[in-house]
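**Q** Here it is: the structure, laid out below.
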Amino acid sequence: MHLLILAILIPFFAAALIPFLYRRIGKLNIGWFVLIVPLALFIILAMRIPDISAGDTIAATLEWIPSLGINFSIYLDGLSLILALLITGMGSLVILYSIYYLSPYDSLPHFYAYLLLFMGAMLGVVLSDNLLVLYVFWELTSISSFLLIAFWFHRKNSRYGAQKSLLITVFGGFGMLAGFIMLHTMTDTFSVREIAASISQYTDHALFYPAMFLVLLGAFTKSAQFPFHIWLPDAMEAPTPVSAYLHSATMVKAGIYLVARFTPIFGGTSAWFWTVTLVGLVTLFWGSFCAVRQTDLKALLAYSTISQLGLIMSLFGMGSAALYFGDGSDGALYGLATFAALFHLVNHSTFKGALFMVVGIVDHQVGTRDIRRLGGLISFLPITFTFAMIGSFSMAGLPFFNGFLSKEMFFTASLNSASLPIFSAGTWGWLIPVIAWTASVLTFVYCMIIVFRTFLGQPQLKKLDKKPVEPPIGMLISPAILSLLIVGIFFAPNLLGDHLLRPALGGVLPGMAGAAPHITAWHGFQPELWMTLGIIVIGGILYATLRYWKKVYSLIPDTWTFNNLYNRFLAGLENNSNTLTSFYMTGYLPHYFAYIFTFFVLVAGGTLVFTGALSIDFSNDAPVKPYEFLLVLVMMIAAVAILFVRSRLTSILLNGVLGFSIAILFVLFRAPDLALTQLVIETVTTVLFLLCFYFLPELKKDRIPRNAKIRNAAIAIAGGTTVVLIALSVHSGKLFESISSYFENSYELAGGKNIVNAILGDFRGFDTMLESLVLFIAGIGVYTLIRIKSGKEPKKNEDK
Amino acid sequence: METLIILLVGVLTAVAIYLVLSKSLIRVILGTAIFSHAVHLLILSMGGLKKGTVPLLGEEAESYVDALPQALILTAIVISFAVTAFILVLAFRAYQELGTDDLEEMRGVNDE
Amino acid sequence: MKINDVILKTVSKAAVLIIFTFGIYLFLSGHNEPGGGFIGGLVLASAFVLLFLSHDSETISDAIPLDFKKISALGVLIAFASSTVPMFFGQPFMSQSFGYFDLPIFGKTELATVTVFEAGVALTVIGVVVNIIFSISEDE
């Protein structure tokens with residue numbers, strides 16, 4: 001098995017091992033063992049950097065369902081490598097952080113098992129080449145995210161947030177699956193690489209655009225794009241390490257990854273360019289706009305994550321225009337946007353991860369994340385403050401931090417797109433830099449809020465639960481590493497650019513890896529610089545005057561929010577399905593039987609009549625002897641008589657008459673095995689009935705209304721007639737040869753002269769084995785029913 | 001012969017359906033028992049009746065009756081016994097716990 | 001249920017012996033004549049049922065110290081385990097084989113692996129049927 005396939009599976013194995021390990025290790029925190037997994041995977045993946053940056057790719061396949069074209073095939077190129085390194089790298093840092101963050105009263109084995117589950121699933125998403133495998137892992141990330149958000153499941157808000165995220169992301173996932181299947185219908189393959197290679201023949205296909213929008217639906221829901229962003233703020237109920245890991249650094253990037261991965265397939269079309277760019281820009285603006293009004297630090301970070309994801313998304317949209325031009329200077333011009341997107345993808349993970357960890361530290365050390373109660377913490381938490389400042393300033397796009405570089409490139413890309421000569425960008429293109437700049441101003445404002453409202457100003461120690469002190473050193477290691485990265489990337493951006501971003505660019509825009517620019521912090525007095533300066537000035541003014549213009553937010557009525565829409569939709573759905581279900585699920589068994597038989601009569605009988613299959617032909621019949629006729633008559637009378645008897649004993653006896661008569665029929669029809677079995681079974685059944693009826697009440701006259709009786713009789717007669725008609729038609733026409741002559745070789749094939757027994761024991765032995773299993777289960781069921789009574793323990797005299 | 005048996009199957013099915021639709025749990029159980037009788041006969045008659053001798057190769061006959069339906073029915077008989085036993089005991093225990101065999105009174109609470 | 005009927009008890013003892021013999025015969029002859037695991041198992045089970053009915057259940061459960069639940073489980077296990085054996089010889093799951101041997105008293109006899117499988121089925125049937133009847137009759 002290829003090492004990379006193993007890399008996906010290792011976290012799953014580790015997750016399965018945790019419960020066993022947890023019992024063994026005693027007092028030591030299990031997190032230390034878990035930490036080994038992402039660290040080892042990170043090192044394995046990092047060793048691939050030289051190969052990948054040289055332009056190689058690695059592929060491996062493990063057959064799964066080859067007949068359906070579904071194989072466990074993985075593919076590692078620059079794009080996958082960046083994501084995989086983020087997953088394992090951030091994973092290591094977050095696990096290290098969580099060892100100190102979580103309290104020993106939390107259920108640690110659950111936490112780490114879910115986290116490893118997520119890590120494996122996420123690696124699966126970014127490494128799979130096969131769309132269906134990707135889909136499976138995609139939904140697995142949703143499920144593990146659900147489990148992690150609901151980690152403190154005793155809180156109502158956690159459960160609400162978990163459900164919301166699951167519903168929205170899985171809804172999008174289903175859409176995406178439909179899109180994948182459409183792609184398969186078009187191209188007849190599930191492999192992303194093969195689809196990308198052949199898609200150019202199918203751009204006129206009727207399914208091309210539906211598939212594009214469905215895939216985008218999956219991406220937008222997962223990456224919390226407007227208007228599906230509403231699940232992310234509620235997901236903040238998860239423990240902070242989870243928020244840092246899943247809901248800012250990795251899982252929400254899966255949608256972005258998907259867009260990047262599908263750019264070679266759908267990119268270069270007007271619809272893709274505008275949808276991705278506009279949705280991204282609207283999300284960018286709306287996220288930053290909402291972030292400013294938040295008072296909970298984590299909610300603020302959630303909206304800021306939404307906003308930043310929108311930024312990356314819009315950059316991928318802009319970059320897709322390069323595919324229209326192909327290899328050339330124009331292509332390189334727009335391809336810059338994609339490069340910026342990849343760059344910001346990495347940068348965002350560093351500074352947002354650091355910020356989440358800082359907020360986690362504040363929450364952990366002070367007991368609140370409400371900025372109205374915080375302030376002046378700089379004198380108590382100076383180290384934490386430093387990290388907060390580095391992270392925020394980087395996010396705001398200020399110099400000496402990596403955010404500055406990618407933000408500048410973002411402006412360049414948006415200005416380039418404004419003058420795009422295609423996709424009718426001339427009319428609306430100017431909107432792109434305007435929205436980008438406005439949103440960046442708001443970003444600057446909320447970044448300042450994070451730093452200054454929390455750490456500067458008057459300390460309000462009375463409002464705090466605990467006296468703030470710096471956390472244990474272990475909690476500071478991870479944000480420290482991230483802060484170093486933030487600064488380090490600013491001073492040596494091309495180390496990252498040449499080794500990771502350039503090959504990744506080749507993955508998104510095939511053949512354009514060479515167009516990757518050299519990253520520089522200073523490129524003269526260009527419009528981008530003025531935009532940044534404008535942000536600092538206007539943003540500073542807005543921050544200072546925040547309390548005067550904050551009233552803007554109360555202009556939006558609460559009933560119009562998407563959250564409200566979601567809640568109302570969910571409540572309505574539940575009510576309606578409740579009404580609908582209770583309409584026919586009456587809890588009354590005869591009703592259900594009535595549905596079943598009516599349905600049977602309508603469907604089976606209807607099919608028989610309307611397809612013209614009804615045919616009756618008596619010529620093939622065997623002759624009837626008088627005593628046989630008599631026997632059948634007796635049986636009919638006995639059967640009908642059961643309907644009218646009032647006594648239990650008589651009804652049992654009549655049932656016995658039927659059973660034993662059938663045994664006689666079996667003899668007449670040359671079925672000795674059946675006759676024997678039927679005789680014994682009928683005896684035992686009668687004994688059983690007698691035993692049980694000994695305890696059961698006397699049969700009463702069926703007190704059901706007259707019209708119900710008529711209705712039942714009608715259903716019964718219709719059912720009987722349908723069976724007769726179907727049976728006669730089947731008997732009259734033979735559509736294909738009987739296979740029974742095969743079994744007449746039983747002596748040669750199975751060494752038995754009794755054909756029936758040979759079928760049971762040899763030809764169809766599997767059926768027989770499962771049948772005895774069914775019998776066994778029924779026996780256990782009977783025993784359990786009798787022994788286990790409500791509130792009473794089973795009797796102990798059984799075991800001798 | 002086949003037509004006669006098919007008619008018998010029809011009568012048994014109608015009786016079984018009527019019993020199953022009634023309110024008393026005991027009748028429902030009787031109905032299912034009769035139902036399995038009907039189905040066994042149906043399967044057997046579908047294979048053709050009296051078309052040869054018993055399916056034992058020791059007979060060394062020209063032709064044998066179809067053995068496959070017989071094998072199916074043998075399985076079905078045993079399974080239907082298990083099912084009958086199970087629901088019989090279910091009814092019996094339900095009566096012990098609830099004091100009724102009336103399905104109308106056994107309806108679940110409506111708030112679910 | 002306490003039944004004290006001397007005639008019933010005596011007759012049933014004799015009858016049970018005959019039924020047992022018949023059941024074992026049916027089981028063994030199943031390969032070539034009517035019979036087999038199911039039928040053999042059922043007939044044997046019915047012998048136990050007769051014992052339970054004619055005597056009271058305490059007497060019988062003291063005389064036959066078997067847990068029929070375990071017997072049925074054992075039966076399923078045998079049926080399954082015997083089916084997996086061929087896999088160790090590179091054959092598909094559930095392959096059966098047979099051969100003819102000259103045994104001292106019986107002469108030329110066919111021995112088939114399917115008999116083991118059938119024994120499992122028979123044990124399951126016995127265990128389940130007796131367990132069901134016994135559970136109900138014991139419960140009061």
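So you can find residues: chains in the structure tokens are A, B, ... in the order shown, residues in each start at 1, and ligands are numbered from 1 in order.
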Extract, using only C-alpha atoms, all DNA, RNA and protein residues at most 9 Å from B:Ala71, discarding same-chain residues fewer than 3 positions from it, and format them as a ChimeraX atom specification.

**A** /A:673-674,755-757,759-760 /B:67-68,74-76

**Q** For a quick test of understanding: name the residues of chain A lying within 6 Å of chain C when counting only C-alpha atoms, and present them as a VMD selection string.

**A** chain A and resid 673 677 752 to 754 779

**Q** Using only C-alpha atoms, which chain B residues lie at most 6 Å away from chain A, written as a PDB file with all heavy atoms, in the first residue's frame?

**A**
```pdb
ATOM      1  N   MET B   1     -55.931 -29.243 -11.601  1.00  0.00           N
ATOM      2  CA  MET B   1     -55.498 -29.260 -10.192  1.00  0.00           C
ATOM      3  C   MET B   1     -54.924 -27.920  -9.775  1.00  0.00           C
ATOM      4  O   MET B   1     -55.265 -27.370  -8.740  1.00  0.00           O
ATOM      5  CB  MET B   1     -54.427 -30.354 -10.033  1.00  0.00           C
ATOM      6  CG  MET B   1     -54.082 -30.665  -8.591  1.00  0.00           C
ATOM      7  SD  MET B   1     -55.346 -31.683  -7.831  1.00  0.00           S
ATOM      8  CE  MET B   1     -55.534 -30.904  -6.260  1.00  0.00           C
ATOM      9  N   GLU B   2     -54.058 -27.365 -10.650  1.00  0.00           N
ATOM     10  CA  GLU B   2     -53.428 -26.096 -10.298  1.00  0.00           C
ATOM     11  C   GLU B   2     -54.469 -25.010 -10.067  1.00  0.00           C
ATOM     12  O   GLU B   2     -54.394 -24.244  -9.100  1.00  0.00           O
ATOM     13  CB  GLU B   2     -52.466 -25.649 -11.406  1.00  0.00           C
ATOM     14  CG  GLU B   2     -51.124 -26.339 -11.381  1.00  0.00           C
ATOM     15  CD  GLU B   2     -51.130 -27.616 -12.188  1.00  0.00           C
ATOM     16  OE1 GLU B   2     -52.240 -28.139 -12.474  1.00  0.00           O
ATOM     17  OE2 GLU B   2     -50.052 -28.115 -12.535  1.00  0.00           O
ATOM     18  N   ILE B   6     -55.065 -22.855  -6.804  1.00  0.00           N
ATOM     19  CA  ILE B   6     -54.962 -21.404  -6.827  1.00  0.00           C
ATOM     20  C   ILE B   6     -56.221 -20.775  -6.239  1.00  0.00           C
ATOM     21  O   ILE B   6     -56.148 -19.792  -5.481  1.00  0.00           O
ATOM     22  CB  ILE B   6     -54.706 -20.916  -8.270  1.00  0.00           C
ATOM     23  CG1 ILE B   6     -53.267 -21.258  -8.677  1.00  0.00           C
ATOM     24  CG2 ILE B   6     -54.908 -19.413  -8.392  1.00  0.00           C
ATOM     25  CD1 ILE B   6     -52.994 -21.057 -10.133  1.00  0.00           C
ATOM     26  N   GLY B  10     -56.547 -18.369  -3.063  1.00  0.00           N
ATOM     27  CA  GLY B  10     -57.301 -17.117  -3.028  1.00  0.00           C
ATOM     28  C   GLY B  10     -58.191 -17.048  -1.806  1.00  0.00           C
ATOM     29  O   GLY B  10     -58.213 -16.027  -1.101  1.00  0.00           O
ATOM     30  N   THR B  13     -56.096 -16.554   1.270  1.00  0.00           N
ATOM     31  CA  THR B  13     -55.561 -15.195   1.356  1.00  0.00           C
ATOM     32  C   THR B  13     -56.640 -14.235   1.830  1.00  0.00           C
ATOM     33  O   THR B  13     -56.390 -13.392   2.707  1.00  0.00           O
ATOM     34  CB  THR B  13     -55.048 -14.744  -0.024  1.00  0.00           C
ATOM     35  OG1 THR B  13     -54.247 -15.768  -0.569  1.00  0.00           O
ATOM     36  CG2 THR B  13     -54.264 -13.470   0.089  1.00  0.00           C
ATOM     37  N   ALA B  14     -57.837 -14.344   1.243  1.00  0.00           N
ATOM     38  CA  ALA B  14     -58.905 -13.427   1.631  1.00  0.00           C
ATOM     39  C   ALA B  14     -59.210 -13.571   3.112  1.00  0.00           C
ATOM     40  O   ALA B  14     -59.315 -12.579   3.843  1.00  0.00           O
ATOM     41  CB  ALA B  14     -60.140 -13.693   0.779  1.00  0.00           C
ATOM     42  N   ILE B  17     -56.402 -12.029   5.120  1.00  0.00           N
ATOM     43  CA  ILE B  17     -56.416 -10.557   5.131  1.00  0.00           C
ATOM     44  C   ILE B  17     -57.514 -10.061   6.051  1.00  0.00           C
ATOM     45  O   ILE B  17     -57.319  -9.139   6.849  1.00  0.00           O
ATOM     46  CB  ILE B  17     -56.610 -10.013   3.693  1.00  0.00           C
ATOM     47  CG1 ILE B  17     -55.392 -10.344   2.836  1.00  0.00           C
ATOM     48  CG2 ILE B  17     -56.804  -8.500   3.722  1.00  0.00           C
ATOM     49  CD1 ILE B  17     -55.508  -9.864   1.406  1.00  0.00           C
ATOM     50  N   TYR B  18     -58.658 -10.694   5.970  1.00  0.00           N
ATOM     51  CA  TYR B  18     -59.754 -10.236   6.825  1.00  0.00           C
ATOM     52  C   TYR B  18     -59.373 -10.386   8.297  1.00  0.00           C
ATOM     53  O   TYR B  18     -59.620  -9.484   9.103  1.00  0.00           O
ATOM     54  CB  TYR B  18     -61.035 -11.014   6.523  1.00  0.00           C
ATOM     55  CG  TYR B  18     -62.227 -10.427   7.207  1.00  0.00           C
ATOM     56  CD1 TYR B  18     -62.890  -9.335   6.658  1.00  0.00           C
ATOM     57  CD2 TYR B  18     -62.684 -10.932   8.420  1.00  0.00           C
ATOM     58  CE1 TYR B  18     -63.965  -8.757   7.293  1.00  0.00           C
ATOM     59  CE2 TYR B  18     -63.759 -10.363   9.069  1.00  0.00           C
ATOM     60  CZ  TYR B  18     -64.400  -9.276   8.499  1.00  0.00           C
ATOM     61  OH  TYR B  18     -65.467  -8.693   9.143  1.00  0.00           O
ATOM     62  N   LEU B  21     -56.930  -7.788   9.453  1.00  0.00           N
ATOM     63  CA  LEU B  21     -57.467  -6.436   9.573  1.00  0.00           C
ATOM     64  C   LEU B  21     -58.348  -6.260  10.809  1.00  0.00           C
ATOM     65  O   LEU B  21     -58.835  -5.164  11.057  1.00  0.00           O
ATOM     66  CB  LEU B  21     -58.290  -6.095   8.325  1.00  0.00           C
ATOM     67  CG  LEU B  21     -57.485  -5.817   7.059  1.00  0.00           C
ATOM     68  CD1 LEU B  21     -58.415  -5.656   5.873  1.00  0.00           C
ATOM     69  CD2 LEU B  21     -56.632  -4.592   7.224  1.00  0.00           C
ATOM     70  N   LYS B  50     -47.752 -32.454  -9.778  1.00  0.00           N
ATOM     71  CA  LYS B  50     -47.832 -33.840 -10.257  1.00  0.00           C
ATOM     72  C   LYS B  50     -47.201 -34.011 -11.643  1.00  0.00           C
ATOM     73  O   LYS B  50     -47.736 -34.701 -12.500  1.00  0.00           O
ATOM     74  CB  LYS B  50     -49.303 -34.278 -10.305  1.00  0.00           C
ATOM     75  CG  LYS B  50     -50.010 -34.154  -8.982  1.00  0.00           C
ATOM     76  CD  LYS B  50     -51.194 -35.084  -8.947  1.00  0.00           C
ATOM     77  CE  LYS B  50     -52.473 -34.382  -8.583  1.00  0.00           C
ATOM     78  NZ  LYS B  50     -53.660 -35.214  -8.683  1.00  0.00           N
ATOM     79  N   VAL B  54     -41.575 -38.237  -7.024  1.00  0.00           N
ATOM     80  CA  VAL B  54     -40.946 -37.505  -5.911  1.00  0.00           C
ATOM     81  C   VAL B  54     -39.493 -37.202  -6.259  1.00  0.00           C
ATOM     82  O   VAL B  54     -38.822 -37.990  -6.915  1.00  0.00           O
ATOM     83  CB  VAL B  54     -41.004 -38.314  -4.595  1.00  0.00           C
ATOM     84  CG1 VAL B  54     -42.406 -38.312  -4.044  1.00  0.00           C
ATOM     85  CG2 VAL B  54     -40.509 -39.720  -4.814  1.00  0.00           C
ATOM     86  N   PRO B  55     -39.012 -36.070  -5.819  1.00  0.00           N
ATOM     87  CA  PRO B  55     -37.648 -35.662  -6.210  1.00  0.00           C
ATOM     88  C   PRO B  55     -36.572 -36.441  -5.473  1.00  0.00           C
ATOM     89  O   PRO B  55     -35.710 -35.863  -4.813  1.00  0.00           O
ATOM     90  CB  PRO B  55     -37.621 -34.175  -5.887  1.00  0.00           C
ATOM     91  CG  PRO B  55     -38.615 -34.020  -4.804  1.00  0.00           C
ATOM     92  CD  PRO B  55     -39.676 -35.030  -5.024  1.00  0.00           C
ATOM     93  N   LEU B  56     -36.617 -37.748  -5.547  1.00  0.00           N
ATOM     94  CA  LEU B  56     -35.556 -38.575  -4.965  1.00  0.00           C
ATOM     95  C   LEU B  56     -34.946 -39.363  -6.117  1.00  0.00           C
ATOM     96  O   LEU B  56     -35.644 -40.095  -6.808  1.00  0.00           O
ATOM     97  CB  LEU B  56     -36.126 -39.537  -3.933  1.00  0.00           C
ATOM     98  CG  LEU B  56     -36.844 -38.894  -2.752  1.00  0.00           C
ATOM     99  CD1 LEU B  56     -37.532 -39.959  -1.917  1.00  0.00           C
ATOM    100  CD2 LEU B  56     -35.861 -38.110  -1.906  1.00  0.00           C
ATOM    101  N   LEU B  57     -33.657 -39.189  -6.335  1.00  0.00           N
ATOM    102  CA  LEU B  57     -33.035 -39.818  -7.494  1.00  0.00           C
ATOM    103  C   LEU B  57     -33.037 -41.329  -7.376  1.00  0.00           C
ATOM    104  O   LEU B  57     -32.899 -42.042  -8.358  1.00  0.00           O
ATOM    105  CB  LEU B  57     -31.612 -39.291  -7.673  1.00  0.00           C
ATOM    106  CG  LEU B  57     -31.557 -37.808  -8.020  1.00  0.00           C
ATOM    107  CD1 LEU B  57     -30.122 -37.329  -8.046  1.00  0.00           C
ATOM    108  CD2 LEU B  57     -32.213 -37.531  -9.353  1.00  0.00           C
ATOM    109  N   ALA B  67     -38.095 -29.572  -7.751  1.00  0.00           N
ATOM    110  CA  ALA B  67     -37.632 -29.640  -6.360  1.00  0.00           C
ATOM    111  C   ALA B  67     -37.381 -28.257  -5.770  1.00  0.00           C
ATOM    112  O   ALA B  67     -37.387 -28.093  -4.557  1.00  0.00           O
ATOM    113  CB  ALA B  67     -36.358 -30.471  -6.270  1.00  0.00           C
ATOM    114  N   ALA B  71     -37.840 -26.877  -1.845  1.00  0.00           N
ATOM    115  CA  ALA B  71     -36.771 -26.405  -0.957  1.00  0.00           C
ATOM    116  C   ALA B  71     -37.125 -25.035  -0.392  1.00  0.00           C
ATOM    117  O   ALA B  71     -36.933 -24.767   0.800  1.00  0.00           O
ATOM    118  CB  ALA B  71     -35.452 -26.343  -1.720  1.00  0.00           C
ATOM    119  N   LEU B  74     -39.776 -25.469   2.286  1.00  0.00           N
ATOM    120  CA  LEU B  74     -39.233 -26.054   3.518  1.00  0.00           C
ATOM    121  C   LEU B  74     -38.627 -24.953   4.383  1.00  0.00           C
ATOM    122  O   LEU B  74     -38.851 -24.886   5.601  1.00  0.00           O
ATOM    123  CB  LEU B  74     -38.174 -27.103   3.165  1.00  0.00           C
ATOM    124  CG  LEU B  74     -37.783 -28.008   4.322  1.00  0.00           C
ATOM    125  CD1 LEU B  74     -38.945 -28.900   4.695  1.00  0.00           C
ATOM    126  CD2 LEU B  74     -36.587 -28.854   3.957  1.00  0.00           C
ATOM    127  N   ALA B  82     -41.130 -19.789  13.233  1.00  0.00           N
ATOM    128  CA  ALA B  82     -40.406 -18.903  14.145  1.00  0.00           C
ATOM    129  C   ALA B  82     -41.158 -17.594  14.315  1.00  0.00           C
ATOM    130  O   ALA B  82     -41.307 -17.081  15.432  1.00  0.00           O
ATOM    131  CB  ALA B  82     -38.998 -18.639  13.609  1.00  0.00           C
ATOM    132  N   PHE B  86     -42.916 -16.096  17.650  1.00  0.00           N
ATOM    133  CA  PHE B  86     -42.487 -14.815  18.207  1.00  0.00           C
ATOM    134  C   PHE B  86     -43.680 -13.896  18.429  1.00  0.00           C
ATOM    135  O   PHE B  86     -43.834 -13.324  19.515  1.00  0.00           O
ATOM    136  CB  PHE B  86     -41.470 -14.155  17.278  1.00  0.00           C
ATOM    137  CG  PHE B  86     -40.928 -12.905  17.834  1.00  0.00           C
ATOM    138  CD1 PHE B  86     -39.967 -12.936  18.835  1.00  0.00           C
ATOM    139  CD2 PHE B  86     -41.380 -11.673  17.389  1.00  0.00           C
ATOM    140  CE1 PHE B  86     -39.473 -11.778  19.371  1.00  0.00           C
ATOM    141  CE2 PHE B  86     -40.890 -10.508  17.934  1.00  0.00           C
ATOM    142  CZ  PHE B  86     -39.933 -10.558  18.918  1.00  0.00           C
ATOM    143  N   ARG B 107     -53.018   1.445  20.952  1.00  0.00           N
ATOM    144  CA  ARG B 107     -52.443   2.553  20.189  1.00  0.00           C
ATOM    145  C   ARG B 107     -51.484   3.356  21.052  1.00  0.00           C
ATOM    146  O   ARG B 107     -51.706   3.549  22.234  1.00  0.00           O
ATOM    147  CB  ARG B 107     -53.547   3.495  19.729  1.00  0.00           C
ATOM    148  CG  ARG B 107     -54.349   2.955  18.607  1.00  0.00           C
ATOM    149  CD  ARG B 107     -55.542   3.833  18.458  1.00  0.00           C
ATOM    150  NE  ARG B 107     -55.268   4.826  17.436  1.00  0.00           N
ATOM    151  CZ  ARG B 107     -56.195   5.200  16.548  1.00  0.00           C
ATOM    152  NH1 ARG B 107     -57.389   4.709  16.590  1.00  0.00           N
ATOM    153  NH2 ARG B 107     -55.904   6.089  15.647  1.00  0.00           N
ATOM    154  N   GLY B 108     -50.445   3.824  20.410  1.00  0.00           N
ATOM    155  CA  GLY B 108     -49.457   4.596  21.154  1.00  0.00           C
ATOM    156  C   GLY B 108     -50.023   5.929  21.558  1.00  0.00           C
ATOM    157  O   GLY B 108     -51.108   6.335  21.152  1.00  0.00           O
TER     158      GLY B 108
END
```

**Q** Which polymer residues have any atom within 9 Å of an atom of stretch 16-24 of chain A, counting only C-alpha atoms, with same-chain residues fewer than 2 positions away left out, as a list in words?

**A** Pro11, Phe12, Phe13, Ala14, Gly26, Asn29, Ile30, Val34, Leu108, Pro109, His110, Tyr112, Ala113 and Leu117 of chain A

**Q** Selection from above, C-alpha atoms, as a PDB file, in the first residue's frame, can you write it?

**A**
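Saved result, part14.pdb, follows:
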```pdb
ATOM      1  CA  PRO A  11      -5.615   8.847  11.782  1.00  0.00           C
ATOM      2  CA  PHE A  12      -8.610   6.518  11.545  1.00  0.00           C
ATOM      3  CA  PHE A  13      -6.664   3.649  13.059  1.00  0.00           C
ATOM      4  CA  ALA A  14      -5.336   5.932  15.748  1.00  0.00           C
ATOM      5  CA  GLY A  26      -3.352   6.261  33.622  1.00  0.00           C
ATOM      6  CA  ASN A  29      -2.722  13.173  29.166  1.00  0.00           C
ATOM      7  CA  ILE A  30      -3.696  11.162  26.112  1.00  0.00           C
ATOM      8  CA  VAL A  34      -2.300  11.795  19.793  1.00  0.00           C
ATOM      9  CA  LEU A 108     -10.658  13.505  26.413  1.00  0.00           C
ATOM     10  CA  PRO A 109     -10.819  10.183  24.519  1.00  0.00           C
ATOM     11  CA  HIS A 110     -13.945  11.363  22.695  1.00  0.00           C
ATOM     12  CA  TYR A 112      -9.192  13.235  20.419  1.00  0.00           C
ATOM     13  CA  ALA A 113     -10.961  10.403  18.622  1.00  0.00           C
ATOM     14  CA  LEU A 117     -11.397  11.207  12.632  1.00  0.00           C
TER      15      LEU A 117
END
```

**Q** In Å, how far is it from atom CA of A:Ile378 to atom CA of A:Phe452?

**A**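 If I compute the distance from atom CA of A:Ile378 to atom CA of A:Phe452, I get 9.4 Å.
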
**Q** Which residues, written as a ChimeraX atom specification, have at least one atom at most 12 Å from A:Leu529, with only C-alpha atoms counted and residues fewer than 4 positions away on the same chain left out?

**A** /A:397-399,404-405,407-412,437,521-525,533-536

**Q** Go ahead and save the picked residues with C-alpha atoms, as a compact mmCIF listing (two decimals), in the first residue's frame.

**A**
```
# COMPACT_ATOMS: atom_id res chain seq x y z
CA GLY A 397 -3.03 43.99 6.27
CA LEU A 398 -0.43 46.10 7.99
CA PRO A 399 3.23 45.95 7.00
CA PHE A 404 0.16 42.79 4.23
CA LEU A 405 1.71 40.94 1.31
CA LYS A 407 -3.66 41.91 0.94
CA GLU A 408 -1.60 44.01 -1.49
CA MET A 409 -1.80 41.22 -4.04
CA PHE A 410 -5.52 41.07 -3.47
CA PHE A 411 -5.82 44.73 -4.38
CA THR A 412 -3.66 44.26 -7.45
CA TRP A 437 -11.61 48.17 -0.40
CA ALA A 521 6.83 44.03 -0.03
CA TRP A 522 7.64 47.27 -1.78
CA HIS A 523 6.70 48.01 -5.32
CA GLY A 524 6.64 51.76 -5.45
CA PHE A 525 3.86 54.27 -5.11
CA LEU A 533 -2.97 53.95 3.38
CA GLY A 534 -6.61 54.88 2.82
CA ILE A 535 -7.69 51.89 4.84
CA ILE A 536 -5.51 52.91 7.77
```

**Q** Set the distance at 9 Å and use only C-alpha atoms: which residues neighbour C:Lys9 once local chain neighbours fewer than 6 positions away are removed? I'd like the list as a list in words.

**A**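 Using only C-alpha atoms, the neighbours found are Leu51, Ser54 and His55 of chain C.
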
**Q** Counting only C-alpha atoms, which of A:Ala40, A:Ala321, A:Ile710, A:Leu217 gets nearest to A:Pro264?

**A** A:Ala321

**Q** DSSP on the backbone: what in stretch 10-122 of chain C comes out alpha helix (DSSP H), as a PyMOL selection string?

**A** chain C and resi 10-29+37-54+57-63+68-88+114-122
